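J.: So here's run.pdb, just PDB, C-alpha atoms and all ligand atoms:
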ATOM      1  CA  MET A  26      -4.383  17.000  -1.245
ATOM      2  CA  HIS A  27      -8.150  16.904  -1.597
ATOM      3  CA  PRO A  28      -9.767  15.115   1.387
ATOM      4  CA  LEU A  29     -11.428  12.534  -0.885
ATOM      5  CA  ALA A  30      -8.091  11.762  -2.518
ATOM      6  CA  TYR A  31      -6.472  11.510   0.903
ATOM      7  CA  GLU A  32      -9.017   8.967   2.131
ATOM      8  CA  ARG A  33      -8.952   6.924  -1.048
ATOM      9  CA  LEU A  34      -5.150   6.769  -1.266
ATOM     10  CA  LYS A  35      -4.920   6.015   2.424
ATOM     11  CA  LYS A  36      -7.189   3.010   1.938
ATOM     12  CA  VAL A  37      -5.321   1.764  -1.147
ATOM     13  CA  LEU A  38      -1.973   1.943   0.650
ATOM     14  CA  LYS A  39      -3.393   0.325   3.762
ATOM     15  CA  ASP A  40      -5.028  -2.523   1.825
ATOM     16  CA  LYS A  41      -1.759  -3.083  -0.074
ATOM     17  CA  LYS A  42      -3.447  -4.432  -3.172
ATOM     18  CA  LEU A  43      -4.636  -3.372  -6.568
ATOM     19  CA  VAL A  44      -8.327  -2.591  -6.882
ATOM     20  CA  GLY A  45      -8.564  -3.735 -10.507
ATOM     21  CA  ARG A  46     -11.808  -2.896 -12.265
ATOM     22  CA  ASP A  47     -14.450  -1.673  -9.859
ATOM     23  CA  GLU A  48     -17.758  -2.370 -11.508
ATOM     24  CA  THR A  49     -19.599  -1.457  -8.288
ATOM     25  CA  CYS A  50     -18.654   2.193  -8.822
ATOM     26  CA  ASP A  51     -21.455   4.380 -10.187
ATOM     27  CA  TYR A  52     -18.969   5.997 -12.550
ATOM     28  CA  TYR A  53     -17.395   2.815 -13.927
ATOM     29  CA  PRO A  54     -15.989   2.898 -16.532
ATOM     30  CA  CYS A  55     -15.103   6.565 -16.249
ATOM     31  CA  HIS A  56     -12.210   6.128 -18.706
ATOM     32  CA  PHE A  57     -12.487   2.813 -20.548
ATOM     33  CA  ARG A  58     -13.987  -0.625 -20.055
ATOM     34  CA  GLY A  59     -11.585  -2.896 -18.196
ATOM     35  CA  GLN A  60      -9.706  -0.019 -16.611
ATOM     36  CA  ASP A  61      -7.831  -0.474 -13.348
ATOM     37  CA  CYS A  62      -9.422   1.720 -10.669
ATOM     38  CA  THR A  63      -6.619   1.556  -8.090
ATOM     39  CA  TRP A  64      -5.372   5.076  -8.773
ATOM     40  CA  CYS A  65      -8.795   6.659  -9.195
ATOM     41  CA  PHE A  66      -7.305   9.516  -7.205
ATOM     42  CA  CYS A  67      -3.928   9.815  -8.825
ATOM     43  CA  PRO A  68      -0.912  10.172  -6.518
ATOM     44  CA  PHE A  69       0.780  12.350  -9.158
ATOM     45  CA  TYR A  70      -2.011  14.922  -9.282
ATOM     46  CA  PRO A  71      -1.514  17.418 -10.785
ATOM     47  CA  CYS A  72       1.236  15.977 -12.973
ATOM     48  CA  GLU A  73       0.935  18.861 -15.462
ATOM     49  CA  ASP A  74       2.196  16.549 -18.210
ATOM     50  CA  GLU A  75       0.035  16.648 -21.324
ATOM     51  CA  GLN A  76       1.679  13.502 -22.712
ATOM     52  CA  THR A  77      -0.536  11.578 -20.306
ATOM     53  CA  GLY A  78      -3.694  12.969 -21.865
ATOM     54  CA  GLY A  79      -4.229  15.350 -18.955
ATOM     55  CA  GLU A  80      -4.753  19.014 -19.737
ATOM     56  CA  TRP A  81      -5.368  22.429 -18.219
ATOM     57  CA  VAL A  82      -8.987  23.508 -18.619
ATOM     58  CA  LEU A  83     -10.582  26.846 -17.932
ATOM     59  CA  LYS A  84     -12.954  27.259 -15.018
ATOM     60  CA  LYS A  85     -16.019  29.487 -15.054
ATOM     61  CA  ASP A  86     -14.253  31.992 -12.807
ATOM     62  CA  GLY A  87     -11.466  32.362 -15.374
ATOM     63  CA  GLY A  88      -8.952  30.308 -13.435
ATOM     64  CA  ARG A  89      -7.662  26.970 -14.663
ATOM     65  CA  ILE A  90      -7.642  23.465 -13.292
ATOM     66  CA  TRP A  91      -5.750  20.326 -14.236
ATOM     67  CA  SER A  92      -8.124  17.785 -15.793
ATOM     68  CA  CYS A  93      -7.418  14.059 -15.899
ATOM     69  CA  SER A  94     -10.515  13.192 -17.948
ATOM     70  CA  TYR A  95      -8.496  12.035 -20.950
ATOM     71  CA  CYS A  96      -5.670  10.340 -19.084
ATOM     72  CA  PHE A  97      -6.071   6.621 -19.664
ATOM     73  CA  TRP A  98      -2.464   5.853 -18.804
ATOM     74  CA  ILE A  99      -2.706   5.466 -15.021
ATOM     75  CA  HIS A 100      -5.703   3.155 -15.456
ATOM     76  CA  LYS A 101      -3.890   0.629 -17.628
ATOM     77  CA  SER A 102      -3.312  -2.459 -15.549
ATOM     78  CA  GLU A 103       0.408  -2.728 -16.343
ATOM     79  CA  VAL A 104       0.950   0.901 -15.298
ATOM     80  CA  ALA A 105      -1.155   0.529 -12.145
ATOM     81  CA  LYS A 106       0.855  -2.580 -11.180
ATOM     82  CA  GLU A 107       4.197  -0.968 -11.906
ATOM     83  CA  LEU A 108       3.276   2.004  -9.748
ATOM     84  CA  TRP A 109       2.634  -0.374  -6.871
ATOM     85  CA  ARG A 110       6.019  -1.988  -7.400
ATOM     86  CA  ALA A 111       7.696   1.428  -7.507
ATOM     87  CA  PHE A 112       5.993   2.510  -4.288
ATOM     88  CA  ARG A 113       7.308  -0.628  -2.606
ATOM     89  CA  ARG A 114      10.837  -0.062  -3.942
ATOM     90  CA  PHE A 115      10.840   3.551  -2.752
ATOM     91  CA  GLY A 116       9.249   2.683   0.592
ATOM     92  CA  ILE A 117       6.157   4.776  -0.020
ATOM     93  CA  ALA A 118       3.691   3.121   2.303
ATOM     94  CA  ARG A 119       1.572   5.920   3.760
ATOM     95  CA  VAL A 120      -0.515   8.641   2.196
ATOM     96  CA  GLU A 121       1.701  11.124   4.044
ATOM     97  CA  ASP A 122       4.665   9.807   2.030
ATOM     98  CA  ILE A 123       2.833  10.820  -1.140
ATOM     99  CA  GLU A 124       2.295  14.292   0.254
ATOM    100  CA  GLU A 125       5.770  14.776   1.667
ATOM    101  CA  ARG A 126       8.095  13.020  -0.781
ATOM    102  CA  LYS A 127       7.470  15.077  -3.898
ATOM    103  CA  GLU A 128      10.946  14.468  -5.342
ATOM    104  CA  ASP A 129      10.541  10.698  -5.095
ATOM    105  CA  LEU A 130       7.089  10.984  -6.665
ATOM    106  CA  LYS A 131       8.659  12.878  -9.578
ATOM    107  CA  LYS A 132      11.297  10.162  -9.969
ATOM    108  CA  ILE A 133       8.662   7.434  -9.920
ATOM    109  CA  PHE A 134       6.580   9.327 -12.482
ATOM    110  CA  SER A 135       9.589   9.560 -14.816
ATOM    111  CA  LEU A 136      10.499   5.894 -14.371
ATOM    112  CA  LEU A 137       6.927   4.864 -15.042
ATOM    113  CA  LYS A 138       6.708   7.005 -18.162
ATOM    114  CA  ALA A 139      10.002   5.622 -19.459
ATOM    115  CA  LYS A 140       8.858   2.032 -18.963
ATOM    116  CA  TYR A 141       5.300   2.560 -20.162
ATOM    117  CA  PRO A 142       5.198   5.637 -22.374
ATOM    118  CA  PRO A 143       1.722   7.123 -22.207
ATOM    119  CA  SER A 144      -0.446   7.525 -25.225
ATOM    120  CA  THR A 145      -3.699   9.357 -25.262
ATOM    121  CA  GLY A 146      -5.476   6.265 -26.609
ATOM    122  CA  LYS A 147      -6.963   3.484 -24.499
TER     123      LYS A 147
HETATM  124  S1  LIG B 201      -3.190  13.358 -16.006
HETATM  125 FE1  LIG B 201      -3.028  11.175 -15.431
HETATM  126  S2  LIG B 201      -0.983  10.936 -14.529
HETATM  127 FE2  LIG B 201      -1.469  13.137 -14.593
HETATM  128  S3  LIG B 201      -2.330  13.600 -12.598
HETATM  129 FE3  LIG B 201      -4.035  13.127 -13.961
HETATM  130  S4  LIG B 201      -4.415  10.920 -13.720
HETATM  131 FE4  LIG B 201      -2.401  11.376 -12.854
END
Take the structure from the file and write it as structure tokens.
T.:
Amino acid sequence: MHPLAYERLKKVLKDKKLVGRDETCDYYPCHFRGQDCTWCFCPFYPCEDEQTGGEWVLKKDGGRIWSCSYCFWIHKSEVAKELWRAFRRFGIARVEDIEERKEDLKKIFSLLKAKYPPSTGK
């Protein structure tokens, strides 16, 4: 996990609350006005699921990287809230749990998608 993602997710899990819209952020709104910023660094990264709006993009060196620029899904407040609830149900309370419990993360991702099917719109 990228160090910035690690620190951000660590703080979110420690604070135990949704961030909501963070209008103090220089990049707000990076996806859409009113977005929930809790999962700014997404615990599912890289989900590799284009139904979310995410996509593989080419890098200058010819490699590819997963881009979340067009994923609005995780920033919808109902999805952000449900992810919190799922983390509580599964006992995911530390950033290390996100790193170590990949199978549970996959299950949570599927449950979340089934309850709130992503669309590429806002
Ligand atoms: S595309 Fe969306 S769900 Fe997938 S890793 Fe990126 S932010 Fe998370």
J.: Around ligand LIG 201 (chain B), at most 7 Å away and counting all atoms listed in the file, which residues are there? Put them as a compact mmCIF listing (two decimals) with C-alpha atoms, in the coordinates of the input, please.
T.:
# COMPACT_ATOMS: atom_id res chain seq x y z
CA CYS A 67 -3.93 9.82 -8.82
CA PRO A 68 -0.91 10.17 -6.52
CA PHE A 69 0.78 12.35 -9.16
CA TYR A 70 -2.01 14.92 -9.28
CA PRO A 71 -1.51 17.42 -10.78
CA CYS A 72 1.24 15.98 -12.97
CA GLU A 73 0.94 18.86 -15.46
CA ASP A 74 2.20 16.55 -18.21
CA THR A 77 -0.54 11.58 -20.31
CA GLY A 78 -3.69 12.97 -21.86
CA GLY A 79 -4.23 15.35 -18.95
CA GLU A 80 -4.75 19.01 -19.74
CA SER A 92 -8.12 17.78 -15.79
CA CYS A 93 -7.42 14.06 -15.90
CA CYS A 96 -5.67 10.34 -19.08
CA PHE A 97 -6.07 6.62 -19.66
CA TRP A 98 -2.46 5.85 -18.80
CA ILE A 99 -2.71 5.47 -15.02
J.: If you measure from atom CA of Phe57 of chain A to atom CA of Tyr141 of chain A, what distance in Å do you get, rounded to one decimal?
T.: 17.8 Å
J.: Let me know the centre plus edge lengths, in Å and rounded to one decimal, of a box with edges along x, y and z that contains all listed atoms of segment 113-126 of chain A and is padded by 8 Å on every side, as JSON.
T.:
{"center_x": 5.2, "center_y": 7.1, "center_z": 0.1, "size_x": 27.4, "size_y": 31.4, "size_z": 24.0}
J.: Env of segment 39-43 of chain A: 10 Å cut, atoms = all atoms listed in the file, seq-sep filter 6 positions within chain, self excluded. Answer as a PyMOL selection string.
T.: chain A and resi 33+61-64+102+105-106+109+113+118-120
J.: Limited to C-alpha atoms, could you put the picked residues into a file as an mmCIF file, in the frame of the given file?
T.:
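Generated output (out.cif):
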data_model
loop_
_atom_site.group_PDB
_atom_site.id
_atom_site.type_symbol
_atom_site.label_atom_id
_atom_site.label_comp_id
_atom_site.auth_asym_id
_atom_site.auth_seq_id
_atom_site.Cartn_x
_atom_site.Cartn_y
_atom_site.Cartn_z
ATOM 1 C CA ARG A 33 -8.952 6.924 -1.048
ATOM 2 C CA ASP A 61 -7.831 -0.474 -13.348
ATOM 3 C CA CYS A 62 -9.422 1.720 -10.669
ATOM 4 C CA THR A 63 -6.619 1.556 -8.090
ATOM 5 C CA TRP A 64 -5.372 5.076 -8.773
ATOM 6 C CA SER A 102 -3.312 -2.459 -15.549
ATOM 7 C CA ALA A 105 -1.155 0.529 -12.145
ATOM 8 C CA LYS A 106 0.855 -2.580 -11.180
ATOM 9 C CA TRP A 109 2.634 -0.374 -6.871
ATOM 10 C CA ARG A 113 7.308 -0.628 -2.606
ATOM 11 C CA ALA A 118 3.691 3.121 2.303
ATOM 12 C CA ARG A 119 1.572 5.920 3.760
ATOM 13 C CA VAL A 120 -0.515 8.641 2.196
#
J.: Would you kindly return, as a PyMOL selection string, each protein, DNA or RNA residue with an atom no farther than 10 Å from any atom of Phe134 of chain A, considering all atoms listed in the file and excluding same-chain residues fewer than 2 positions away?
T.: chain A and resi 68-69+72+108+111+128-132+136-139
J.: Please produce an output containing C-alpha atoms for each residue in the selection, written as a PDB file, keeping the file's coordinate frame.
T.:
ATOM      1  CA  PRO A  68      -0.912  10.172  -6.518  1.00  0.00           C
ATOM      2  CA  PHE A  69       0.780  12.350  -9.158  1.00  0.00           C
ATOM      3  CA  CYS A  72       1.236  15.977 -12.973  1.00  0.00           C
ATOM      4  CA  LEU A 108       3.276   2.004  -9.748  1.00  0.00           C
ATOM      5  CA  ALA A 111       7.696   1.428  -7.507  1.00  0.00           C
ATOM      6  CA  GLU A 128      10.946  14.468  -5.342  1.00  0.00           C
ATOM      7  CA  ASP A 129      10.541  10.698  -5.095  1.00  0.00           C
ATOM      8  CA  LEU A 130       7.089  10.984  -6.665  1.00  0.00           C
ATOM      9  CA  LYS A 131       8.659  12.878  -9.578  1.00  0.00           C
ATOM     10  CA  LYS A 132      11.297  10.162  -9.969  1.00  0.00           C
ATOM     11  CA  LEU A 136      10.499   5.894 -14.371  1.00  0.00           C
ATOM     12  CA  LEU A 137       6.927   4.864 -15.042  1.00  0.00           C
ATOM     13  CA  LYS A 138       6.708   7.005 -18.162  1.00  0.00           C
ATOM     14  CA  ALA A 139      10.002   5.622 -19.459  1.00  0.00           C
TER      15      ALA A 139
END
J.: State, in Å with one decimal place, the distance from atom CA of Leu38 of chain A to atom CA of Pro54 of chain A.
T.: 22.2 Å
J.: Counting all atoms listed in the file, figure out which residue out of A:Cys50, A:Cys65, A:Leu83, A:Cys55 gets nearest to Lys36 of chain A.
T.: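 Among the listed residues, the smallest separation from Lys36 of chain A belongs to A:Cys65.
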J.: So how far away is atom CA of His27 of chain A from atom CA of Asp86 of chain A, in Å?
T.: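 Between atom CA of Asp86 of chain A and atom CA of His27 of chain A the gap is 19.8 Å.
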J.: Which residue out of A:Arg110, A:Glu121, A:Pro142, A:Gly59 has the minimum interatomic distance to Tyr31 of chain A when all atoms listed in the file are used?
T.: A:Glu121
